[in-house]
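Q: Following this line is my_file_0.pdb, made up of PDB, C-alpha atoms, pLDDT in the B column:
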```
MODEL        1
ATOM      1  CA  MET A  19       0.000   0.000   0.000  1.00 95.00           C
ATOM      2  CA  GLN A  20       1.319   3.422  -0.918  1.00 98.00           C
ATOM      3  CA  LEU A  21       1.008   6.337   1.498  1.00 98.00           C
ATOM      4  CA  LYS A  22       2.113   9.939   1.247  1.00 98.00           C
ATOM      5  CA  ILE A  23       3.926  11.284   4.305  1.00 98.00           C
ATOM      6  CA  HIS A  24       4.631  14.973   4.954  1.00 98.00           C
ATOM      7  CA  TYR A  25       7.153  16.078   7.573  1.00 98.00           C
ATOM      8  CA  TYR A  26       7.279  19.378   9.438  1.00 98.00           C
ATOM      9  CA  ALA A  27       9.640  21.206  11.788  1.00 98.00           C
ATOM     10  CA  LEU A  28      11.910  18.991  13.907  1.00 97.00           C
ATOM     11  CA  MET A  29      10.680  15.849  12.162  1.00 98.00           C
ATOM     12  CA  ARG A  30      11.380  17.330   8.724  1.00 98.00           C
ATOM     13  CA  GLU A  31      14.954  18.004   9.797  1.00 98.00           C
ATOM     14  CA  GLN A  32      15.407  14.559  11.323  1.00 98.00           C
ATOM     15  CA  ALA A  33      13.904  12.767   8.311  1.00 98.00           C
ATOM     16  CA  GLY A  34      15.963  14.954   5.975  1.00 98.00           C
ATOM     17  CA  ARG A  35      12.959  15.493   3.704  1.00 98.00           C
ATOM     18  CA  SER A  36       9.612  17.263   3.732  1.00 98.00           C
ATOM     19  CA  GLU A  37       7.630  14.505   2.027  1.00 98.00           C
ATOM     20  CA  GLU A  38       7.836  11.033   0.591  1.00 98.00           C
ATOM     21  CA  THR A  39       5.676   8.323  -0.909  1.00 98.00           C
ATOM     22  CA  LEU A  40       6.104   5.088   0.971  1.00 97.00           C
ATOM     23  CA  ASP A  41       5.247   1.466   0.273  1.00 97.00           C
ATOM     24  CA  THR A  42       4.243   0.058   3.610  1.00 97.00           C
ATOM     25  CA  SER A  43       2.297  -2.697   5.284  1.00 95.00           C
ATOM     26  CA  ALA A  44       1.467  -0.415   8.234  1.00 97.00           C
ATOM     27  CA  ALA A  45      -2.255  -0.732   8.929  1.00 98.00           C
ATOM     28  CA  THR A  46      -2.608   2.280  11.243  1.00 98.00           C
ATOM     29  CA  PRO A  47      -0.838   5.586  11.926  1.00 98.00           C
ATOM     30  CA  ALA A  48       0.554   3.979  15.088  1.00 98.00           C
ATOM     31  CA  ASP A  49       2.144   1.162  13.056  1.00 98.00           C
ATOM     32  CA  LEU A  50       3.447   3.661  10.543  1.00 98.00           C
ATOM     33  CA  TYR A  51       5.091   5.801  13.202  1.00 98.00           C
ATOM     34  CA  GLY A  52       6.812   2.707  14.605  1.00 97.00           C
ATOM     35  CA  GLU A  53       8.208   1.955  11.154  1.00 97.00           C
ATOM     36  CA  LEU A  54       9.404   5.523  10.543  1.00 98.00           C
ATOM     37  CA  LEU A  55      10.841   5.870  14.043  1.00 97.00           C
ATOM     38  CA  ALA A  56      13.060   2.878  13.351  1.00 95.00           C
ATOM     39  CA  ARG A  57      14.126   4.325  10.003  1.00 97.00           C
ATOM     40  CA  TYR A  58      14.819   7.936  10.953  1.00 98.00           C
ATOM     41  CA  GLY A  59      15.495   7.808  14.698  1.00 96.00           C
ATOM     42  CA  PHE A  60      12.954  10.511  15.529  1.00 97.00           C
ATOM     43  CA  THR A  61      13.480  11.828  19.039  1.00 96.00           C
ATOM     44  CA  LEU A  62       9.809  12.552  19.684  1.00 97.00           C
ATOM     45  CA  THR A  63       7.811   9.691  21.144  1.00 96.00           C
ATOM     46  CA  ARG A  64       4.375   8.837  19.794  1.00 96.00           C
ATOM     47  CA  GLU A  65       2.872  10.142  23.032  1.00 96.00           C
ATOM     48  CA  GLN A  66       4.239  13.622  22.210  1.00 97.00           C
ATOM     49  CA  LEU A  67       2.638  13.674  18.765  1.00 98.00           C
ATOM     50  CA  LYS A  68      -0.742  14.026  17.179  1.00 98.00           C
ATOM     51  CA  VAL A  69      -1.496  12.626  13.764  1.00 98.00           C
ATOM     52  CA  ALA A  70      -3.487  13.862  10.793  1.00 98.00           C
ATOM     53  CA  VAL A  71      -4.784  11.799   7.875  1.00 98.00           C
ATOM     54  CA  ASN A  72      -5.898  13.625   4.728  1.00 98.00           C
ATOM     55  CA  SER A  73      -5.537  17.000   6.501  1.00 98.00           C
ATOM     56  CA  GLU A  74      -7.761  16.213   9.462  1.00 98.00           C
ATOM     57  CA  PHE A  75      -6.825  15.104  12.986  1.00 98.00           C
ATOM     58  CA  SER A  76      -7.049  11.343  13.282  1.00 98.00           C
ATOM     59  CA  ASP A  77      -7.067   8.555  15.779  1.00 98.00           C
ATOM     60  CA  TRP A  78      -3.854   6.506  16.010  1.00 98.00           C
ATOM     61  CA  SER A  79      -5.825   3.302  15.378  1.00 98.00           C
ATOM     62  CA  ARG A  80      -7.609   4.426  12.197  1.00 98.00           C
ATOM     63  CA  ARG A  81      -7.279   1.929   9.331  1.00 98.00           C
ATOM     64  CA  LEU A  82      -5.140   3.510   6.654  1.00 98.00           C
ATOM     65  CA  ALA A  83      -6.120   3.226   2.991  1.00 98.00           C
ATOM     66  CA  ALA A  84      -3.961   3.376  -0.131  1.00 98.00           C
ATOM     67  CA  GLY A  85      -3.235   6.964  -1.119  1.00 98.00           C
ATOM     68  CA  ASP A  86      -3.843   8.435   2.348  1.00 98.00           C
ATOM     69  CA  ALA A  87      -1.722  11.464   3.248  1.00 98.00           C
ATOM     70  CA  VAL A  88      -0.313  11.205   6.765  1.00 98.00           C
ATOM     71  CA  VAL A  89       1.248  13.979   8.842  1.00 98.00           C
ATOM     72  CA  PHE A  90       2.733  13.500  12.296  1.00 98.00           C
ATOM     73  CA  ILE A  91       2.283  16.653  14.351  1.00 98.00           C
ATOM     74  CA  PRO A  92       5.023  17.558  16.859  1.00 98.00           C
ATOM     75  CA  PRO A  93       4.135  19.717  19.905  1.00 97.00           C
ATOM     76  CA  VAL A  94       2.907  23.021  18.502  1.00 97.00           C
ATOM     77  CA  ALA A  95       4.270  26.479  19.283  1.00 97.00           C
ATOM     78  CA  GLY A  96       2.279  29.117  17.440  1.00 95.00           C
ATOM     79  CA  GLY A  97       1.835  32.667  18.618  1.00 94.00           C
TER      80      GLY A  97
ATOM     81  CA  MET B   3     -11.767  33.780   6.106  1.00 87.00           C
ATOM     82  CA  ARG B   4     -11.347  34.370   9.836  1.00 97.00           C
ATOM     83  CA  PHE B   5      -7.956  32.691  10.205  1.00 98.00           C
ATOM     84  CA  ARG B   6      -5.159  33.025   7.693  1.00 98.00           C
ATOM     85  CA  PHE B   7      -1.422  32.936   7.174  1.00 98.00           C
ATOM     86  CA  THR B   8       0.810  35.548   5.612  1.00 98.00           C
ATOM     87  CA  GLN B   9       4.405  35.471   4.437  1.00 98.00           C
ATOM     88  CA  ILE B  10       4.690  39.249   4.555  1.00 98.00           C
ATOM     89  CA  ALA B  11       4.366  41.670   7.465  1.00 98.00           C
ATOM     90  CA  ILE B  12       0.956  41.761   9.135  1.00 98.00           C
ATOM     91  CA  ASP B  13      -0.767  45.125   8.667  1.00 98.00           C
ATOM     92  CA  PRO B  14      -2.999  45.671  11.723  1.00 98.00           C
ATOM     93  CA  ALA B  15      -4.503  48.892  10.331  1.00 98.00           C
ATOM     94  CA  GLN B  16      -5.767  46.976   7.335  1.00 97.00           C
ATOM     95  CA  ALA B  17      -6.835  43.944   9.379  1.00 98.00           C
ATOM     96  CA  ARG B  18      -8.949  45.951  11.829  1.00 98.00           C
ATOM     97  CA  ARG B  19     -11.022  47.309   8.960  1.00 98.00           C
ATOM     98  CA  GLU B  20     -12.424  43.790   8.507  1.00 98.00           C
ATOM     99  CA  LEU B  21     -13.910  44.052  12.019  1.00 98.00           C
ATOM    100  CA  LEU B  22     -15.791  47.326  11.574  1.00 98.00           C
ATOM    101  CA  ASP B  23     -19.490  47.103  12.353  1.00 98.00           C
ATOM    102  CA  PRO B  24     -22.046  49.823  13.076  1.00 98.00           C
ATOM    103  CA  GLY B  25     -23.134  47.835  16.134  1.00 98.00           C
ATOM    104  CA  ALA B  26     -19.622  47.595  17.574  1.00 98.00           C
ATOM    105  CA  GLY B  27     -18.581  49.947  20.357  1.00 98.00           C
ATOM    106  CA  GLY B  28     -14.928  49.059  20.099  1.00 97.00           C
ATOM    107  CA  TYR B  29     -12.379  46.371  19.420  1.00 98.00           C
ATOM    108  CA  VAL B  30      -9.596  44.556  21.231  1.00 98.00           C
ATOM    109  CA  SER B  31      -6.453  43.261  19.553  1.00 98.00           C
ATOM    110  CA  PHE B  32      -3.446  41.198  20.575  1.00 98.00           C
ATOM    111  CA  GLU B  33      -0.098  41.340  18.804  1.00 98.00           C
ATOM    112  CA  GLY B  34       2.519  38.675  19.436  1.00 98.00           C
ATOM    113  CA  TRP B  35       6.077  39.991  18.860  1.00 98.00           C
ATOM    114  CA  VAL B  36       9.417  38.251  18.538  1.00 97.00           C
ATOM    115  CA  ARG B  37      11.263  38.650  21.840  1.00 96.00           C
ATOM    116  CA  ASP B  38      15.044  38.775  22.228  1.00 96.00           C
ATOM    117  CA  HIS B  39      15.343  36.127  24.921  1.00 95.00           C
ATOM    118  CA  ASN B  40      13.905  32.820  26.049  1.00 92.00           C
ATOM    119  CA  GLU B  41      15.031  30.302  28.668  1.00 87.00           C
ATOM    120  CA  GLY B  42      18.243  32.212  29.333  1.00 90.00           C
ATOM    121  CA  GLN B  43      19.212  32.278  25.656  1.00 93.00           C
ATOM    122  CA  GLU B  44      19.569  35.390  23.527  1.00 97.00           C
ATOM    123  CA  VAL B  45      17.226  34.968  20.585  1.00 97.00           C
ATOM    124  CA  THR B  46      18.229  36.602  17.304  1.00 97.00           C
ATOM    125  CA  ARG B  47      15.465  35.421  14.976  1.00 97.00           C
ATOM    126  CA  LEU B  48      12.609  32.937  14.655  1.00 97.00           C
ATOM    127  CA  GLU B  49      11.370  30.713  11.874  1.00 98.00           C
ATOM    128  CA  TYR B  50       7.672  29.862  11.783  1.00 98.00           C
ATOM    129  CA  GLU B  51       6.418  26.871   9.856  1.00 98.00           C
ATOM    130  CA  ALA B  52       2.836  25.585   9.588  1.00 98.00           C
ATOM    131  CA  PHE B  53       0.897  22.614   8.268  1.00 98.00           C
ATOM    132  CA  GLN B  54      -1.275  25.165   6.570  1.00 98.00           C
ATOM    133  CA  GLU B  55      -4.075  23.003   5.234  1.00 98.00           C
ATOM    134  CA  LEU B  56      -4.983  21.703   8.702  1.00 98.00           C
ATOM    135  CA  ALA B  57      -3.897  24.864  10.530  1.00 98.00           C
ATOM    136  CA  VAL B  58      -6.373  27.016   8.629  1.00 98.00           C
ATOM    137  CA  LYS B  59      -9.189  24.560   9.385  1.00 98.00           C
ATOM    138  CA  GLU B  60      -8.317  24.439  13.072  1.00 98.00           C
ATOM    139  CA  GLY B  61      -7.850  28.206  13.261  1.00 98.00           C
ATOM    140  CA  GLU B  62     -11.243  28.763  11.630  1.00 98.00           C
ATOM    141  CA  ARG B  63     -12.792  26.363  14.152  1.00 98.00           C
ATOM    142  CA  ILE B  64     -11.255  28.323  17.036  1.00 98.00           C
ATOM    143  CA  VAL B  65     -12.593  31.652  15.790  1.00 98.00           C
ATOM    144  CA  ALA B  66     -16.023  30.087  15.165  1.00 98.00           C
ATOM    145  CA  GLU B  67     -15.987  28.750  18.734  1.00 98.00           C
ATOM    146  CA  ALA B  68     -15.137  32.218  20.051  1.00 98.00           C
ATOM    147  CA  LEU B  69     -18.042  33.705  18.105  1.00 98.00           C
ATOM    148  CA  ARG B  70     -20.382  31.106  19.626  1.00 98.00           C
ATOM    149  CA  ARG B  71     -19.091  31.475  23.188  1.00 98.00           C
ATOM    150  CA  PHE B  72     -18.919  35.256  23.370  1.00 98.00           C
ATOM    151  CA  PRO B  73     -21.468  37.794  22.090  1.00 98.00           C
ATOM    152  CA  VAL B  74     -19.019  39.610  19.818  1.00 98.00           C
ATOM    153  CA  LYS B  75     -19.459  41.027  16.326  1.00 98.00           C
ATOM    154  CA  HIS B  76     -16.403  39.905  14.382  1.00 98.00           C
ATOM    155  CA  ALA B  77     -13.093  38.160  15.007  1.00 98.00           C
ATOM    156  CA  LEU B  78      -9.997  37.567  12.922  1.00 98.00           C
ATOM    157  CA  CYS B  79      -6.575  35.984  13.457  1.00 98.00           C
ATOM    158  CA  ILE B  80      -3.585  36.361  11.142  1.00 98.00           C
ATOM    159  CA  HIS B  81      -0.388  34.346  11.699  1.00 98.00           C
ATOM    160  CA  ARG B  82       2.944  34.979  10.064  1.00 98.00           C
ATOM    161  CA  VAL B  83       5.135  32.210   8.624  1.00 98.00           C
ATOM    162  CA  GLY B  84       8.758  32.398   7.482  1.00 98.00           C
ATOM    163  CA  THR B  85      11.760  34.079   9.073  1.00 98.00           C
ATOM    164  CA  LEU B  86      11.081  36.885  11.563  1.00 98.00           C
ATOM    165  CA  GLY B  87      13.443  39.316  13.252  1.00 98.00           C
ATOM    166  CA  LEU B  88      13.249  40.848  16.710  1.00 98.00           C
ATOM    167  CA  SER B  89      10.043  42.827  17.338  1.00 98.00           C
ATOM    168  CA  ASP B  90       8.425  41.542  14.162  1.00 98.00           C
ATOM    169  CA  MET B  91       4.752  40.687  14.593  1.00 98.00           C
ATOM    170  CA  ALA B  92       4.197  36.925  14.608  1.00 98.00           C
ATOM    171  CA  VAL B  93       0.456  36.899  15.219  1.00 98.00           C
ATOM    172  CA  TRP B  94      -2.443  39.346  15.323  1.00 98.00           C
ATOM    173  CA  VAL B  95      -5.887  38.735  16.837  1.00 98.00           C
ATOM    174  CA  GLY B  96      -8.714  41.276  16.652  1.00 98.00           C
ATOM    175  CA  VAL B  97     -12.266  41.166  18.009  1.00 98.00           C
ATOM    176  CA  SER B  98     -15.000  43.801  17.723  1.00 98.00           C
ATOM    177  CA  SER B  99     -18.106  43.853  19.891  1.00 98.00           C
ATOM    178  CA  ALA B 100     -20.838  46.059  21.321  1.00 98.00           C
ATOM    179  CA  HIS B 101     -19.114  46.132  24.729  1.00 97.00           C
ATOM    180  CA  ARG B 102     -15.493  45.714  25.766  1.00 97.00           C
ATOM    181  CA  GLY B 103     -15.741  42.817  28.242  1.00 98.00           C
ATOM    182  CA  GLU B 104     -16.604  40.125  25.743  1.00 98.00           C
ATOM    183  CA  ALA B 105     -14.089  41.482  23.235  1.00 98.00           C
ATOM    184  CA  PHE B 106     -11.247  41.045  25.770  1.00 98.00           C
ATOM    185  CA  ASP B 107     -12.518  37.556  26.663  1.00 98.00           C
ATOM    186  CA  ALA B 108     -12.863  36.413  23.057  1.00 98.00           C
ATOM    187  CA  CYS B 109      -9.442  37.811  22.101  1.00 98.00           C
ATOM    188  CA  ARG B 110      -7.798  35.979  25.011  1.00 98.00           C
ATOM    189  CA  PHE B 111      -9.643  32.771  24.135  1.00 98.00           C
ATOM    190  CA  ILE B 112      -8.511  32.883  20.515  1.00 98.00           C
ATOM    191  CA  ILE B 113      -4.810  33.492  21.179  1.00 98.00           C
ATOM    192  CA  ASP B 114      -4.714  30.844  23.929  1.00 98.00           C
ATOM    193  CA  GLU B 115      -6.399  28.219  21.756  1.00 98.00           C
ATOM    194  CA  VAL B 116      -4.265  29.046  18.722  1.00 98.00           C
ATOM    195  CA  LYS B 117      -1.123  28.467  20.767  1.00 97.00           C
ATOM    196  CA  HIS B 118      -2.389  25.091  21.980  1.00 97.00           C
ATOM    197  CA  ARG B 119      -4.148  23.625  18.969  1.00 98.00           C
ATOM    198  CA  VAL B 120      -2.985  24.989  15.631  1.00 98.00           C
ATOM    199  CA  PRO B 121      -0.152  23.069  13.910  1.00 98.00           C
ATOM    200  CA  ILE B 122       2.415  25.870  13.811  1.00 98.00           C
ATOM    201  CA  TRP B 123       6.029  25.448  14.920  1.00 98.00           C
ATOM    202  CA  LYS B 124       8.765  27.911  15.694  1.00 97.00           C
ATOM    203  CA  LYS B 125      12.490  27.472  15.620  1.00 97.00           C
ATOM    204  CA  GLU B 126      14.518  29.843  17.740  1.00 97.00           C
ATOM    205  CA  HIS B 127      17.975  30.915  16.604  1.00 97.00           C
ATOM    206  CA  TYR B 128      20.308  32.006  19.398  1.00 96.00           C
ATOM    207  CA  ARG B 129      23.230  34.379  19.537  1.00 96.00           C
ATOM    208  CA  SER B 130      25.369  31.399  20.594  1.00 94.00           C
ATOM    209  CA  GLY B 131      24.775  29.838  17.172  1.00 95.00           C
ATOM    210  CA  ASP B 132      22.483  27.159  18.595  1.00 94.00           C
ATOM    211  CA  SER B 133      18.896  26.743  17.514  1.00 95.00           C
ATOM    212  CA  GLY B 134      15.921  24.770  18.726  1.00 95.00           C
ATOM    213  CA  TRP B 135      12.282  23.945  17.966  1.00 96.00           C
ATOM    214  CA  VAL B 136      10.195  25.337  20.803  1.00 95.00           C
ATOM    215  CA  ASN B 137       8.351  22.664  22.841  1.00 92.00           C
ATOM    216  CA  CYS B 138       9.893  19.859  20.781  1.00 90.00           C
ATOM    217  CA  GLU B 139      13.386  19.368  22.085  1.00 81.00           C
ATOM    218  CA  ARG B 140      13.076  19.198  25.867  1.00 59.00           C
ATOM    219  CA  CYS B 141      12.514  15.436  25.770  1.00 49.00           C
ATOM    220  CA  ALA B 142      14.612  14.973  22.686  1.00 47.00           C
ATOM    221  CA  ALA B 143      18.123  14.676  24.077  1.00 45.00           C
ATOM    222  CA  ALA B 144      18.751  11.260  22.574  1.00 40.00           C
ATOM    223  CA  PRO B 145      22.476  10.619  22.049  1.00 38.00           C
ATOM    224  CA  ASN B 146      22.014   9.773  18.365  1.00 39.00           C
ATOM    225  CA  HIS B 147      20.350  13.075  17.637  1.00 39.00           C
ATOM    226  CA  ALA B 148      21.435  14.664  14.390  1.00 39.00           C
ATOM    227  CA  HIS B 149      22.383  17.946  16.072  1.00 40.00           C
ATOM    228  CA  GLU B 150      25.339  18.395  18.316  1.00 36.00           C
ATOM    229  CA  HIS B 151      24.164  21.191  20.537  1.00 36.00           C
ATOM    230  CA  GLY B 152      22.974  20.731  24.086  1.00 35.00           C
ATOM    231  CA  HIS B 153      19.281  20.228  24.061  1.00 35.00           C
ATOM    232  CA  ASP B 154      18.799  20.446  27.755  1.00 36.00           C
ATOM    233  CA  ARG B 155      19.370  24.157  27.534  1.00 34.00           C
ATOM    234  CA  GLU B 156      16.475  24.507  25.149  1.00 35.00           C
ATOM    235  CA  HIS B 157      13.586  23.288  27.196  1.00 36.00           C
ATOM    236  CA  GLN B 158      10.415  25.127  26.660  1.00 36.00           C
ATOM    237  CA  GLY B 159       7.548  24.494  28.989  1.00 36.00           C
ATOM    238  CA  GLU B 160       4.115  25.636  28.000  1.00 35.00           C
ATOM    239  CA  ALA B 161       4.399  28.401  30.566  1.00 37.00           C
ATOM    240  CA  ASP B 162       7.458  29.740  28.760  1.00 37.00           C
ATOM    241  CA  ALA B 163       5.731  29.567  25.417  1.00 38.00           C
ATOM    242  CA  LEU B 164       2.781  31.467  26.826  1.00 37.00           C
ATOM    243  CA  ALA B 165       5.070  34.087  28.305  1.00 38.00           C
ATOM    244  CA  ILE B 166       6.971  34.654  25.102  1.00 39.00           C
ATOM    245  CA  HIS B 167       5.204  37.821  24.046  1.00 38.00           C
ATOM    246  CA  LYS B 168       4.798  39.535  27.392  1.00 32.00           C
TER     247      LYS B 168
ENDMDL
END
```
Rewrite the structure from the file as structure tokens, please.

A:
Amino acid sequence: MQLKIHYYALMREQAGRSEETLDTSAATPADLYGELLARYGFTLTREQLKVAVNSEFSDWSRRLAAGDAVVFIPPVAGG
Amino acid sequence: MRFRFTQIAIDPAQARRELLDPGAGGYVSFEGWVRDHNEGQEVTRLEYEAFQELAVKEGERIVAEALRRFPVKHALCIHRVGTLGLSDMAVWVGVSSAHRGEAFDACRFIIDEVKHRVPIWKKEHYRSGDSGWVNCERCAAAPNHAHEHGHDREHQGEADALAIHK
């Protein structure tokens, strides 16, 4: 299954890219983060993040579908 | 659009015109400015980055909530992205209403919620040459981290983030 991942802020720097298309067997955003954590060595734990699928906040246990766009959201700091 | 981003300087004189209403007796605004220090570090500039597609949705939801909670006329929030220097305006919130009390309350509500909920990040650059993503690097002192600088000097509690524009 192909997914589109976008990276922002600290995670963009740690992944060394702002987006990628990934072939993965990850069924949920939680699975996907586990896979990417192992690949990129992100320093943020899943508990520190929120996740968005197709530009809306999502549950970590949502079933992902081919073509979904996933964004992991580090702790925010607007203002 | 009651929440938006801009890559150029925010113009509060222009923004407040969007709040004018014959039934309004006044308006309250908040401007967030880039401050020259945080957590004992001398800050020289900030970079703001946003997940704009979701940020605009969430920002619009916050302003809509404010309009439901408080009997105000109009509300608007504009957030800057990109590189900002000291004293540059990072965010502007304006609320017009018949009476001042609810305008202050709604303005406070909007800026507080924006800071907590909208996917915007800021990277501080320090005079020392270090830099750090606010709120992201306190727990991120893993030894294999790509950066060499000392992350334990960068911690940013929520209280610090809230105090940044005082």

Q: When you draw a straight line from CA of Leu69 (chain B) to CA of Ala108 (chain B), how long is it in Å?

A: 7.7 Å

Q: Which residue, A:Leu82, A:Pro47, A:Gln20, A:Ala27, has the smallest gap to chain B when you use all atoms listed in the file?

A: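 The closest residue to chain B is A:Ala27.
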
Q: Would you compute the distance between CA of Gly34 (chain A) and CA of Gly85 (chain A)? Give it in Å to one decimal.

A: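 These atoms are spaced 22.0 Å apart.
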
Q: With chain A as the partner and 6 Å as the cut-off, tabulate the residues of chain B that qualify, each row holding the nearest pair of atoms and their distance in Å to one decimal, using only C-alpha atoms, sorted by chain and rising number, as a Markdown table.

A:
```
| residue | atom | partner | partner_atom | distance |
| --- | --- | --- | --- | --- |
| B:Leu56 | CA | A:Ser73 | CA | 5.2 |
| B:Val93 | CA | A:Gly97 | CA | 5.6 |
| B:Lys117 | CA | A:Gly96 | CA | 4.8 |
| B:Pro121 | CA | A:Val94 | CA | 5.5 |
| B:Ile122 | CA | A:Gly96 | CA | 4.9 |
| B:Trp123 | CA | A:Ala95 | CA | 4.8 |
| B:Lys124 | CA | A:Ala95 | CA | 5.9 |
| B:Asn137 | CA | A:Pro93 | CA | 5.9 |
| B:Cys138 | CA | A:Pro93 | CA | 5.8 |
| B:Ala142 | CA | A:Thr61 | CA | 4.9 |
```

Q: Given the PyMOL selection byres ((chain B and resi 126) around 8) and the file above, list the residues it selects as a list in words.

A: Val45, Thr46, Arg47, Leu48, Glu49, Lys124, Lys125, His127, Tyr128, Ser133, Gly134, Trp135 and Val136 of chain B

Q: List the residues sitting within 7 Å of (-7.0, 35.0, 13.0) in the file's frame, using all atoms listed in the file, as a list in words.

A: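 Nearby residues: Arg4, Phe5, Arg6, Gly61, Leu78, Cys79, Ile80, His81, Trp94 and Val95 of chain B.
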
Q: Kindly compute an axis-aligned box around the listed atoms of region 16-22 of chain B, allowing 4 Å on each side, and express its centre and edge lengths in Å to one decimal as AutoDock Vina command-line options.

A:
```
--center_x -10.8 --center_y 45.6 --center_z 9.7 --size_x 18.0 --size_y 11.5 --size_z 12.7
```

Q: Determine, counting only C-alpha atoms, which protein, DNA and RNA residues have an atom within 12 Å of an atom of Leu50 (chain A); residues of the same chain fewer than 5 positions away are not included. Present the result as a ChimeraX atom specification.

A: /A:19-23,40-45,55-57,64,69,71,78-82,86-90

Q: Can you work out which one of B:Ile10, B:Val83, B:Ile112, B:Leu88 has the shortest atom-to-atom distance to Ala52 (chain B), counting only C-alpha atoms?

A: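 Among the listed residues, the smallest separation from Ala52 (chain B) belongs to B:Val83.
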
Q: Measuring atom to atom with only C-alpha atoms, identify which of B:Phe53, B:Ala17, B:Gly103, B:Phe7 is nearest to Arg30 (chain A).

A: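 Going through B:Phe53, B:Ala17, B:Gly103, B:Phe7 one by one, the smallest distance to Arg30 (chain A) is for B:Phe53.
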
Q: As an exercise, work out the distance from CA of Ala68 (chain B) to CA of Asp114 (chain B) in Å and give it to one decimal place.

A: 11.2 Å
